[in-house]
file data.cif (mmCIF, C-alpha atoms)
data_upload
loop_
_atom_site.label_atom_id
_atom_site.label_comp_id
_atom_site.auth_asym_id
_atom_site.auth_seq_id
_atom_site.Cartn_x
_atom_site.Cartn_y
_atom_site.Cartn_z
CA MET A 166 -0.24 4.61 44.68
CA GLU A 167 1.30 7.36 42.53
CA THR A 168 -0.08 5.70 39.39
CA PHE A 169 -3.53 5.53 40.97
CA MET A 170 -3.46 9.21 41.99
CA HIS A 171 -2.18 10.27 38.57
CA THR A 172 -4.98 8.32 36.85
CA ALA A 173 -7.54 9.67 39.29
CA MET A 174 -6.38 13.27 38.83
CA HIS A 175 -6.49 12.88 35.05
CA SER A 176 -10.01 11.49 35.30
CA ILE A 177 -11.04 14.30 37.65
CA THR A 178 -9.66 16.96 35.32
CA HIS A 179 -11.46 15.44 32.35
CA THR A 180 -14.78 14.91 34.09
CA ARG A 181 -14.77 18.31 35.78
CA ALA A 182 -14.36 19.88 32.36
CA GLN A 183 -17.72 18.27 31.53
CA HIS A 184 -19.30 19.16 34.87
CA THR A 185 -20.27 22.67 33.81
CA ALA A 186 -22.17 21.37 30.80
CA LEU A 187 -23.92 18.77 32.91
CA ALA A 188 -24.87 21.24 35.62
CA THR A 189 -26.04 23.79 33.05
CA SER A 190 -28.20 21.33 31.15
CA SER A 191 -29.75 20.14 34.42
CA ALA A 192 -30.04 23.48 36.17
CA ASP A 193 -33.77 23.06 36.58
CA ARG A 194 -34.11 19.28 36.79
CA LEU A 195 -32.09 16.14 36.29
CA HIS A 196 -34.89 14.17 34.68
CA GLY A 197 -32.95 10.91 34.85
CA LEU A 198 -32.72 11.14 38.65
CA ASP A 199 -36.39 12.11 38.93
CA ALA A 200 -37.32 9.04 36.87
CA LEU A 201 -35.02 6.88 38.99
CA ARG A 202 -36.62 8.10 42.22
CA ALA A 203 -40.07 7.29 40.81
CA PHE A 204 -38.76 3.88 39.77
CA ALA A 205 -37.59 3.17 43.34
CA LEU A 206 -40.94 4.21 44.81
CA LEU A 207 -43.04 2.23 42.32
CA LEU A 208 -40.90 -0.85 42.86
CA GLY A 209 -42.06 -0.62 46.47
CA VAL A 210 -45.64 -1.16 45.29
CA LEU A 211 -44.57 -4.30 43.42
CA LEU A 212 -42.55 -5.45 46.41
CA HIS A 213 -45.50 -5.25 48.79
CA ALA A 214 -47.92 -6.68 46.23
CA SER A 215 -45.74 -9.78 45.85
CA MET A 216 -45.41 -10.54 49.55
CA SER A 217 -48.63 -12.52 49.93
CA PHE A 218 -47.32 -15.03 47.36
CA LEU A 219 -43.99 -15.68 49.08
CA PRO A 220 -43.58 -19.01 50.88
CA GLY A 221 -44.04 -18.47 54.61
CA ALA A 222 -45.98 -15.21 54.12
CA GLN A 223 -48.27 -16.11 57.02
CA PHE A 224 -45.35 -15.43 59.38
CA PHE A 225 -44.43 -11.93 58.15
CA TRP A 226 -47.34 -10.47 56.16
CA VAL A 227 -51.01 -9.65 56.69
CA VAL A 228 -52.25 -11.83 53.80
CA SER A 229 -50.98 -15.26 52.85
CA ASP A 230 -52.33 -16.38 49.50
CA HIS A 231 -52.79 -20.11 48.98
CA GLU A 232 -51.09 -19.68 45.58
CA LYS A 233 -47.35 -19.48 46.23
CA SER A 234 -44.59 -18.60 43.76
CA ALA A 235 -40.96 -19.67 43.80
CA VAL A 236 -40.25 -17.08 41.10
CA LEU A 237 -41.23 -14.09 43.20
CA GLY A 238 -38.73 -14.94 45.94
CA PRO A 239 -35.63 -13.98 43.89
CA VAL A 240 -37.51 -10.99 42.40
CA PHE A 241 -38.39 -9.69 45.85
CA PHE A 242 -34.87 -10.35 47.11
CA MET A 243 -33.18 -8.47 44.26
CA ILE A 244 -35.46 -5.44 44.49
CA HIS A 245 -35.01 -5.32 48.25
CA VAL A 246 -31.21 -5.24 47.91
CA PHE A 247 -31.04 -1.84 46.23
CA ARG A 248 -34.37 -0.03 46.39
CA MET A 249 -34.00 1.90 49.64
CA PRO A 250 -30.24 2.65 49.37
CA LEU A 251 -30.94 4.04 45.90
CA PHE A 252 -33.85 6.10 47.20
CA PHE A 253 -31.85 7.58 50.09
CA MET A 254 -28.91 8.37 47.82
CA LEU A 255 -31.23 10.33 45.53
CA ALA A 256 -32.88 11.93 48.57
CA GLY A 257 -29.50 13.18 49.77
CA PHE A 258 -28.74 14.63 46.34
CA PHE A 259 -32.06 16.48 46.11
CA ALA A 260 -31.81 17.63 49.74
CA HIS A 261 -28.46 19.32 49.06
CA MET A 262 -29.87 20.84 45.89
CA GLY A 263 -32.88 22.20 47.78
CA LEU A 264 -30.70 23.61 50.54
CA GLN A 265 -28.49 25.41 48.03
CA LYS A 266 -31.51 26.93 46.29
CA LYS A 267 -33.69 27.78 49.27
CA GLY A 268 -31.30 28.39 52.14
CA VAL A 269 -31.75 26.95 55.63
CA SER A 270 -35.09 28.57 56.50
CA GLY A 271 -36.58 27.89 53.08
CA PHE A 272 -35.39 24.30 53.15
CA ILE A 273 -36.87 23.69 56.62
CA LYS A 274 -40.23 25.09 55.49
CA ASP A 275 -40.15 23.03 52.30
CA ARG A 276 -39.28 19.73 54.02
CA GLY A 277 -41.74 20.46 56.80
CA ARG A 278 -44.47 20.82 54.17
CA ARG A 279 -43.45 17.95 51.91
CA ILE A 280 -42.09 15.39 54.41
CA ALA A 281 -43.15 16.14 58.01
CA LEU A 282 -46.74 17.14 57.20
CA PRO A 283 -47.51 14.02 55.09
CA LEU A 284 -46.05 11.89 57.89
CA LEU A 285 -47.98 13.54 60.71
CA ALA A 286 -51.26 14.08 58.87
CA GLY A 287 -51.15 11.05 56.58
CA TRP A 288 -50.11 8.39 59.07
CA PRO A 289 -53.45 8.22 60.99
CA LEU A 290 -55.41 7.93 57.74
CA ILE A 291 -53.12 5.35 56.18
CA PHE A 292 -52.79 3.32 59.38
CA SER A 293 -56.60 3.26 59.68
CA GLY A 294 -56.73 1.93 56.13
CA ILE A 295 -54.21 -0.77 57.03
CA ILE A 296 -56.32 -1.79 60.04
CA ALA A 297 -59.39 -2.01 57.79
CA ALA A 298 -57.44 -4.18 55.34
CA VAL A 299 -56.32 -6.44 58.18
CA VAL A 300 -59.93 -6.85 59.34
CA LEU A 301 -61.03 -7.63 55.78
CA ALA A 302 -58.25 -10.21 55.37
CA THR A 303 -59.21 -11.86 58.67
CA TRP A 304 -62.89 -11.89 57.73
CA ILE A 305 -62.19 -13.52 54.35
CA LYS A 306 -59.75 -16.04 55.81
CA SER A 307 -62.24 -17.12 58.49
CA GLY A 308 -65.07 -17.55 56.00
CA GLY A 309 -67.05 -14.49 57.02
CA ASN A 310 -66.59 -14.73 60.77
CA LEU A 311 -64.64 -12.46 63.08
CA SER A 312 -63.34 -13.41 66.48
CA ARG A 313 -64.72 -11.36 69.36
CA GLN A 314 -61.24 -11.14 70.84
CA SER A 315 -58.85 -9.16 68.66
CA PRO A 316 -55.11 -9.91 68.72
CA PRO A 317 -52.88 -7.56 70.74
CA GLY A 318 -51.96 -4.41 68.85
CA PRO A 319 -48.94 -2.10 69.04
CA ARG A 320 -48.29 -0.24 72.28
CA PHE A 321 -47.63 3.07 70.47
CA THR A 322 -44.49 3.64 72.47
CA PRO A 323 -41.17 4.70 70.88
CA ASP A 324 -39.99 1.09 70.74
CA SER A 325 -43.37 -0.22 69.47
CA PHE A 326 -44.76 2.25 66.97
CA PRO A 327 -46.14 0.99 63.62
CA LEU A 328 -44.80 3.51 61.12
CA ALA A 329 -45.45 0.91 58.40
CA HIS A 330 -44.12 2.00 55.01
CA LEU A 331 -44.00 5.65 56.11
CA TRP A 332 -40.83 4.92 58.05
CA PHE A 333 -38.84 6.37 55.14
CA LEU A 334 -40.31 9.83 55.84
CA TYR A 335 -39.33 9.55 59.49
CA MET A 336 -35.81 8.44 58.55
CA LEU A 337 -35.48 11.36 56.14
CA LEU A 338 -36.40 13.83 58.87
CA LEU A 339 -33.78 12.32 61.17
CA LEU A 340 -31.14 12.61 58.44
CA TYR A 341 -32.07 16.21 57.59
CA ILE A 342 -31.29 17.43 61.11
CA PRO A 343 -27.51 16.78 61.20
CA SER A 344 -27.14 17.57 57.49
CA VAL A 345 -28.68 21.03 57.77
CA ALA A 346 -26.89 21.75 61.05
CA LEU A 347 -23.47 20.86 59.62
CA TRP A 348 -24.15 22.80 56.43
CA ALA A 349 -25.18 25.89 58.40
CA ILE A 350 -22.09 25.67 60.62
CA TRP A 351 -19.85 25.22 57.61
CA THR A 352 -21.23 28.18 55.66
CA ARG A 353 -21.03 30.44 58.71
CA TRP A 354 -17.61 29.52 60.12
CA GLN A 355 -15.58 28.35 57.14
CA THR A 356 -12.00 29.65 56.86
CA SER A 357 -9.45 29.58 54.06
CA ALA A 358 -7.67 26.67 55.76
CA MET A 359 -10.94 24.73 55.94
CA VAL A 360 -11.61 25.46 52.26
CA ARG A 361 -8.16 24.15 51.30
CA TRP A 362 -8.75 21.04 53.39
CA LEU A 363 -12.12 20.54 51.75
CA ASN A 364 -10.61 20.82 48.28
CA LYS A 365 -8.10 18.09 49.14
CA ALA A 366 -10.83 15.92 50.62
CA ASP A 367 -12.89 16.64 47.53
CA THR A 368 -10.13 15.27 45.32
CA LEU A 369 -9.87 12.08 47.36
CA ILE A 370 -13.64 11.60 47.32
CA MET A 371 -13.70 12.05 43.55
CA ALA A 372 -10.89 9.53 43.14
CA SER A 373 -12.71 7.05 45.37
CA LEU A 374 -16.14 7.37 43.76
CA THR A 375 -14.77 7.04 40.25
CA GLY A 376 -12.60 4.04 41.10
CA TRP A 377 -13.54 0.50 40.18
CA ALA A 378 -13.36 -0.62 43.81
CA ALA A 379 -15.65 2.13 45.16
CA PRO A 380 -18.71 -0.11 45.80
CA PHE A 381 -16.57 -2.57 47.77
CA LEU A 382 -15.01 0.18 49.89
CA LEU A 383 -18.42 1.64 50.66
CA ALA A 384 -19.69 -1.85 51.52
CA LEU A 385 -17.29 -2.29 54.45
CA PRO A 386 -19.09 -0.11 57.05
CA VAL A 387 -22.49 -1.48 56.03
CA ALA A 388 -21.22 -5.04 56.24
CA LEU A 389 -19.88 -4.49 59.75
CA ALA A 390 -23.15 -2.89 60.86
CA LEU A 391 -25.12 -5.87 59.53
CA PHE A 392 -22.67 -8.35 61.01
CA TYR A 393 -23.09 -6.88 64.49
CA THR A 394 -26.90 -6.72 64.22
CA PRO A 395 -28.26 -9.22 66.77
CA TYR A 396 -30.63 -11.87 65.43
CA TRP A 397 -30.22 -10.59 61.90
CA ILE A 398 -32.56 -12.32 59.42
CA ASN A 399 -30.26 -11.90 56.47
CA TRP A 400 -32.75 -12.83 53.72
CA PHE A 401 -34.56 -9.52 54.31
CA GLY A 402 -31.43 -7.39 54.20
CA VAL A 403 -31.15 -4.15 56.17
CA PRO A 404 -33.69 -4.08 59.04
CA THR A 405 -35.96 -1.05 58.58
CA PRO A 406 -37.47 1.00 61.44
CA ASP A 407 -41.06 0.30 60.39
CA GLN A 408 -42.15 -0.81 63.89
CA SER A 409 -40.08 1.51 66.07
CA LEU A 410 -38.97 5.11 66.42
CA TYR A 411 -35.43 3.90 67.09
CA PRO A 412 -33.63 3.06 63.84
CA GLY A 413 -31.10 0.32 64.33
CA ARG A 414 -27.37 0.57 63.70
CA ALA A 415 -27.64 -1.06 60.28
CA ALA A 416 -30.36 1.37 59.15
CA TRP A 417 -28.34 4.36 60.28
CA VAL A 418 -25.18 3.17 58.54
CA SER A 419 -26.75 1.89 55.31
CA PHE A 420 -29.31 4.61 54.66
CA GLY A 421 -27.21 7.32 56.30
CA MET A 422 -24.24 6.53 54.06
CA ALA A 423 -26.47 6.48 50.99
CA PHE A 424 -27.95 9.85 51.96
CA GLY A 425 -24.49 11.28 52.64
CA LEU A 426 -23.16 10.02 49.33
CA GLY A 427 -26.06 11.64 47.52
CA TRP A 428 -25.38 14.85 49.41
CA LEU A 429 -21.75 14.85 48.22
CA LEU A 430 -22.80 14.08 44.65
CA TRP A 431 -24.56 17.42 44.34
CA SER A 432 -21.23 19.24 44.39
CA GLU A 433 -19.46 16.44 42.50
CA GLN A 434 -21.82 15.77 39.60
CA SER A 435 -18.88 14.98 37.37
CA VAL A 436 -18.94 11.54 39.02
CA PHE A 437 -22.08 10.94 36.96
CA ILE A 438 -20.01 11.11 33.78
CA VAL A 439 -18.02 8.06 34.92
CA TRP A 440 -21.11 6.19 36.12
CA LYS A 441 -22.82 6.78 32.77
CA LYS A 442 -19.89 5.08 31.04
CA ARG A 443 -19.69 2.15 33.45
CA TRP A 444 -23.38 1.47 34.11
CA ALA A 445 -23.34 -1.93 32.37
CA TRP A 446 -20.33 -3.15 34.35
CA HIS A 447 -21.84 -2.01 37.66
CA LEU A 448 -25.14 -3.73 36.91
CA LEU A 449 -23.35 -6.90 35.83
CA MET A 450 -21.50 -6.93 39.16
CA ALA A 451 -24.72 -6.16 41.01
CA PHE A 452 -26.62 -9.05 39.46
CA SER A 453 -23.68 -11.42 39.98
CA LEU A 454 -23.24 -10.53 43.65
CA THR A 455 -26.99 -10.67 44.28
CA SER A 456 -27.20 -14.10 42.65
CA TYR A 457 -24.43 -15.38 44.88
CA CYS A 458 -26.17 -13.96 47.95
CA LEU A 459 -29.31 -15.80 46.87
CA LEU A 460 -27.36 -19.05 46.71
CA LEU A 461 -26.12 -18.43 50.25
CA ALA A 462 -29.44 -17.28 51.74
CA GLY A 463 -31.85 -19.46 49.75
CA MET A 464 -34.42 -18.76 47.06
CA VAL A 465 -37.30 -18.44 49.52
CA PRO A 466 -37.54 -16.42 52.74
CA ARG A 467 -35.77 -17.83 55.77
CA LEU A 468 -36.88 -16.45 59.10
CA MET A 469 -34.04 -17.89 61.15
CA PRO A 470 -31.31 -15.46 62.33
CA ALA A 471 -27.99 -15.89 60.59
CA PRO A 472 -25.33 -17.68 62.67
CA HIS A 473 -22.72 -15.24 63.94
CA ASP A 474 -19.73 -16.53 62.00
CA LEU A 475 -17.51 -15.61 59.05
CA ASN A 476 -20.18 -16.69 56.58
CA LYS A 477 -22.45 -14.00 58.03
CA LEU A 478 -19.73 -11.37 57.53
CA LEU A 479 -19.05 -12.54 53.96
CA TYR A 480 -22.74 -12.49 53.10
CA ALA A 481 -23.16 -9.00 54.60
CA PHE A 482 -20.21 -7.68 52.60
CA LEU A 483 -21.44 -9.15 49.30
CA TYR A 484 -24.99 -7.92 49.97
CA ALA A 485 -23.82 -4.36 50.68
CA ALA A 486 -21.48 -4.36 47.66
CA ALA A 487 -24.35 -5.50 45.43
CA ALA A 488 -26.49 -2.61 46.71
CA TRP A 489 -23.79 -0.03 45.91
CA HIS A 490 -23.19 -1.51 42.47
CA PHE A 491 -26.92 -1.23 41.81
CA CYS A 492 -26.90 2.40 42.95
CA PHE A 493 -24.00 3.30 40.68
CA GLY A 494 -25.23 1.33 37.69
CA LEU A 495 -28.87 2.39 37.80
CA THR A 496 -27.90 6.04 38.27
CA GLY A 497 -25.63 5.88 35.25
CA LEU A 498 -28.31 4.08 33.23
CA GLY A 499 -30.99 6.59 34.19
CA LEU A 500 -28.85 9.62 33.38
CA ARG A 501 -27.77 8.13 30.08
CA TYR A 502 -31.17 7.14 28.69
CA LEU A 503 -33.83 9.00 30.71
CA ASN A 504 -32.36 12.47 31.16
CA GLN A 505 -34.49 14.13 28.48
CA TYR A 506 -37.81 15.70 29.36
CA LYS A 507 -40.71 13.38 28.48
CA PRO A 508 -44.24 14.32 29.56
CA VAL A 509 -45.26 10.78 30.52
CA LEU A 510 -42.15 10.20 32.63
CA ARG A 511 -42.53 13.63 34.23
CA TYR A 512 -46.14 12.85 35.11
CA ILE A 513 -45.24 9.46 36.61
CA ALA A 514 -42.37 11.02 38.56
CA ASP A 515 -44.77 13.58 40.03
CA ALA A 516 -47.42 10.97 40.82
CA SER A 517 -45.06 8.38 42.33
CA TYR A 518 -44.87 10.05 45.74
CA TRP A 519 -48.66 10.02 46.16
CA ILE A 520 -48.89 6.47 44.80
CA TYR A 521 -46.37 5.19 47.32
CA LEU A 522 -47.91 7.02 50.25
CA MET A 523 -51.39 5.61 49.59
CA HIS A 524 -50.72 2.18 48.09
CA LEU A 525 -50.32 -0.13 51.09
CA PRO A 526 -53.95 -0.36 52.35
CA LEU A 527 -55.13 -0.80 48.75
CA VAL A 528 -52.56 -3.53 48.09
CA MET A 529 -53.51 -5.39 51.28
CA ALA A 530 -57.23 -5.16 50.56
CA ALA A 531 -56.75 -6.42 46.99
CA GLN A 532 -54.54 -9.26 48.24
CA ALA A 533 -57.24 -10.26 50.71
CA CYS A 534 -59.96 -10.21 48.03
CA VAL A 535 -58.09 -12.56 45.67
CA SER A 536 -56.40 -14.72 48.31
CA ARG A 537 -59.03 -17.52 48.33
CA SER A 538 -59.55 -17.68 44.57
CA ASP A 539 -58.06 -20.37 42.33
CA TRP A 540 -56.55 -17.93 39.85
CA HIS A 541 -52.90 -18.24 38.90
CA TRP A 542 -50.60 -16.13 41.11
CA LEU A 543 -49.44 -14.06 38.12
CA PHE A 544 -53.01 -13.08 37.26
CA LYS A 545 -53.68 -12.24 40.90
CA LEU A 546 -50.56 -10.10 41.08
CA THR A 547 -51.63 -8.30 37.90
CA VAL A 548 -55.06 -7.60 39.40
CA ILE A 549 -53.53 -6.29 42.63
CA MET A 550 -51.07 -4.03 40.84
CA GLY A 551 -53.60 -2.87 38.25
CA ASN A 552 -56.27 -1.92 40.77
CA THR A 553 -53.78 -0.18 43.07
CA LEU A 554 -52.15 1.85 40.32
CA LEU A 555 -55.48 2.72 38.71
CA LEU A 556 -57.02 4.01 41.94
CA THR A 557 -53.93 5.93 43.03
CA LEU A 558 -53.37 7.48 39.58
CA LEU A 559 -57.01 8.55 39.24
CA SER A 560 -57.04 10.00 42.74
CA TYR A 561 -53.76 11.77 42.06
CA HIS A 562 -54.97 13.36 38.83
CA TRP A 563 -58.38 14.49 40.05
CA LEU A 564 -57.85 15.05 43.78
CA VAL A 565 -54.17 15.89 44.18
CA ARG A 566 -52.25 17.21 41.19
CA TYR A 567 -54.00 20.56 40.79
CA THR A 568 -55.17 21.02 44.39
CA TRP A 569 -53.70 22.27 47.64
CA LEU A 570 -52.71 18.68 48.41
CA GLY A 571 -50.60 18.55 45.27
CA ALA A 572 -48.99 21.86 46.26
CA VAL A 573 -48.06 20.27 49.60
CA LEU A 574 -46.53 17.14 48.06
CA ASN A 575 -45.00 18.38 44.81
CA GLY A 576 -45.30 22.15 44.69
CA LYS A 577 -47.75 24.25 42.71
CA ARG A 578 -48.97 23.02 39.33
CA ALA A 579 -50.41 24.74 36.31
CA GLN A 580 -54.19 24.62 36.19
CA ARG A 581 -55.85 21.61 34.63
CA THR A 582 -56.32 21.74 30.87
CA ASN A 583 -58.57 19.77 28.57
CA ARG A 584 -55.66 17.65 27.38
CA ALA A 585 -55.58 14.18 28.84
CA PRO A 586 -52.49 13.26 30.91
#

call {"tool": "encode", "arguments": {"input": "data.cif", "output": "structure tokens"}}
result
Amino acid sequence: METFMHTAMHSITHTRAQHTALATSSADRLHGLDALRAFALLLGVLLHASMSFLPGAQFFWVVSDHEKSAVLGPVFFMIHVFRMPLFFMLAGFFAHMGLQKKGVSGFIKDRGRRIALPLLAGWPLIFSGIIAAVVLATWIKSGGNLSRQSPPGPRFTPDSFPLAHLWFLYMLLLLYIPSVALWAIWTRWQTSAMVRWLNKADTLIMASLTGWAAPFLLALPVALALFYTPYWINWFGVPTPDQSLYPGRAAWVSFGMAFGLGWLLWSEQSVFIVWKKRWAWHLLMAFSLTSYCLLLAGMVPRLMPAPHDLNKLLYAFLYAAAAWHFCFGLTGLGLRYLNQYKPVLRYIADASYWIYLMHLPLVMAAQACVSRSDWHWLFKLTVIMGNTLLLTLLSYHWLVRYTWLGAVLNGKRAQRTNRAP
């Protein structure tokens, strides 16, 4: 224990000496984290675009293409392991940064404009688009005929509310409330004793996050939450609150921990120095653990709940550890190789929020249009992705980026110039 603490303290002293340089160079933006957040959002487009080609898609997706792919199962599985924990970790980091810069009132106004308003105003439009895509898919599947009797829809009650892919905005709002409240209480009532306690806790947190076993320690609470989730379909990982206003225990623990870790990272950016050095090892562990989870769960979706036994607990632990290793490794990789300003990456990072908000009806409609064709699944997937990204990028550039809508989503932009993006 003494050896561990001595090593940890030496590492902390060394990395904190570099923290000032890191914070100074990234005072305005950490471009690597911006690029990583865009990467997580755009992977969501690929994730949803691939779902119609998964075996058994007719049981969990709007469109089931007659061309199925065994390759896309592992791809979907691996992306699904880390995408949302990574996104919420970055969201926690940027939330703390925004709160430090803007204060409580400024932060509430900013998140109300950029998160609550898109959710409240955008959900009816996007949900209407999803309904239209569902009707189109049904019409194509039935050969141009529609049944006079429509299937039962959601009840629009708290326990049956179709947030669809906008659930992440709702979850963010729920996480902001306790975070801002605790931050406000802390800044108002802190004492010297509390500051000393925080400094000691800070040292322990630093030692934990820079340790080799950190992903496994963080995996324990998530694993227990998944283990005690009733009727858990383990192939699809953490159950998301996309059909309810009541996030489940696993969503609260997994995404809440990721958000909280990101929040702590704002004041402990020296952790990034260690992650930048160890990114390859973390990603190697992430791929290894994910591969083993695939062997346990199967290469294609299984819709049967996992038996409540020790194998379920082991799988949950390995799954959660893989997610944390991905978060650590990808963050280190992004900060090491993508932390310089590049106009193309900056543009994509700005556009990714709009792309993700608007993509789902377009993806579903494109899936429906190609579902009956005899094209190879890879060509179909390319068509779906290409059309979706083209339409969302064009609409972003001409209708969003330099308009009031862009100011709502990303802040004010310079006026359009004659130079192409």

call {"tool": "resolve_selection", "arguments": {"input": "data.cif", "expression": "the PyMOL selection byres ((chain A and resi 266-277) around 12)", "output": "number ranges by chain"}}
result
A: 192-193, 256, 259-265, 278-286, 334-335, 337-342, 344-350, 352-353, 431, 572-576

call {"tool": "residues_near_point", "arguments": {"input": "data.cif", "point": "(-17.5, -2.6, 48.3)", "cutoff": "12 Å", "atoms": "all atoms listed in the file", "output": "ChimeraX atom specification"}}
result
/A:373-374,376-389,447,450-451,454,479,481-493

call {"tool": "closest_residue", "arguments": {"input": "data.cif", "among": "A:Phe437, A:Tyr561, A:Leu410, A:Ser538", "to": "His231 of chain A", "atoms": "only C-alpha atoms"}}
result
A:Ser538

call {"tool": "atom_distance", "arguments": {"input": "data.cif", "atom1": "atom CA of Phe224 of chain A", "atom2": "atom CA of Met243 of chain A"}}
result
20.6 Å

call {"tool": "residues_around", "arguments": {"input": "data.cif", "residues": "Trp332 of chain A", "least_positions_apart": "5", "cutoff": "8 Å", "atoms": "all atoms listed in the file", "output": "PyMOL selection string"}}
result
chain A and resi 405-407

call {"tool": "write_last_selection", "arguments": {"input": "data.cif", "atoms": "C-alpha atoms", "output": "short mmCIF file (atom, residue, chain, number, x, y, z; two decimals), in the coordinates of the input"}}
result
data_model
loop_
_atom_site.label_atom_id
_atom_site.label_comp_id
_atom_site.auth_asym_id
_atom_site.auth_seq_id
_atom_site.Cartn_x
_atom_site.Cartn_y
_atom_site.Cartn_z
CA THR A 405 -35.96 -1.05 58.58
CA PRO A 406 -37.47 1.00 61.44
CA ASP A 407 -41.06 0.30 60.39
#

call {"tool": "resolve_selection", "arguments": {"input": "data.cif", "expression": "the PyMOL selection byres ((chain A and resi 504) around 12)", "output": "compact mmCIF listing (two decimals) with C-alpha atoms, in the coordinates of the input"}}
result
# COMPACT_ATOMS: atom_id res chain seq x y z
CA LEU A 187 -23.92 18.77 32.91
CA SER A 190 -28.20 21.33 31.15
CA SER A 191 -29.75 20.14 34.42
CA ASP A 193 -33.77 23.06 36.58
CA ARG A 194 -34.11 19.28 36.79
CA LEU A 195 -32.09 16.14 36.29
CA HIS A 196 -34.89 14.17 34.68
CA GLY A 197 -32.95 10.91 34.85
CA LEU A 198 -32.72 11.14 38.65
CA ASP A 199 -36.39 12.11 38.93
CA ALA A 200 -37.32 9.04 36.87
CA LEU A 201 -35.02 6.88 38.99
CA PHE A 437 -22.08 10.94 36.96
CA LYS A 441 -22.82 6.78 32.77
CA THR A 496 -27.90 6.04 38.27
CA GLY A 497 -25.63 5.88 35.25
CA LEU A 498 -28.31 4.08 33.23
CA GLY A 499 -30.99 6.59 34.19
CA LEU A 500 -28.85 9.62 33.38
CA ARG A 501 -27.77 8.13 30.08
CA TYR A 502 -31.17 7.14 28.69
CA LEU A 503 -33.83 9.00 30.71
CA GLN A 505 -34.49 14.13 28.48
CA TYR A 506 -37.81 15.70 29.36
CA LYS A 507 -40.71 13.38 28.48
CA LEU A 510 -42.15 10.20 32.63
CA ARG A 511 -42.53 13.63 34.23

call {"tool": "atom_distance", "arguments": {"input": "data.cif", "atom1": "atom CA of Tyr393 of chain A", "atom2": "atom CA of Tyr411 of chain A"}}
result
16.6 Å

call {"tool": "resolve_selection", "arguments": {"input": "data.cif", "expression": "the PyMOL selection byres ((chain A and resi 460-466) around 7)", "output": "ChimeraX atom specification"}}
result
/A:220,235,238-239,400,456-459,467-468

call {"tool": "axis_aligned_box", "arguments": {"input": "data.cif", "around": "segment 425-433 of chain A", "padding_each_side": "6 Å", "output": "JSON"}}
result
{"center_x": -22.8, "center_y": 14.6, "center_z": 47.6, "size_x": 18.6, "size_y": 21.2, "size_z": 22.1}

call {"tool": "atom_distance", "arguments": {"input": "data.cif", "atom1": "atom CA of Thr394 of chain A", "atom2": "atom CA of Pro412 of chain A"}}
result
11.9 Å

call {"tool": "closest_residue", "arguments": {"input": "data.cif", "among": "A:Ile305, A:Val548, A:Leu554, A:Leu543", "to": "Trp519 of chain A", "atoms": "all atoms listed in the file"}}
result
A:Leu554

call {"tool": "closest_residue", "arguments": {"input": "data.cif", "among": "A:Leu546, A:Trp351, A:Gly571, A:Phe452", "to": "Phe247 of chain A", "atoms": "all atoms listed in the file"}}
result
A:Phe452

call {"tool": "closest_residue", "arguments": {"input": "data.cif", "among": "A:Ile549, A:Ile296, A:Ala390, A:Val436", "to": "Gly402 of chain A", "atoms": "all atoms listed in the file"}}
result
A:Ala390
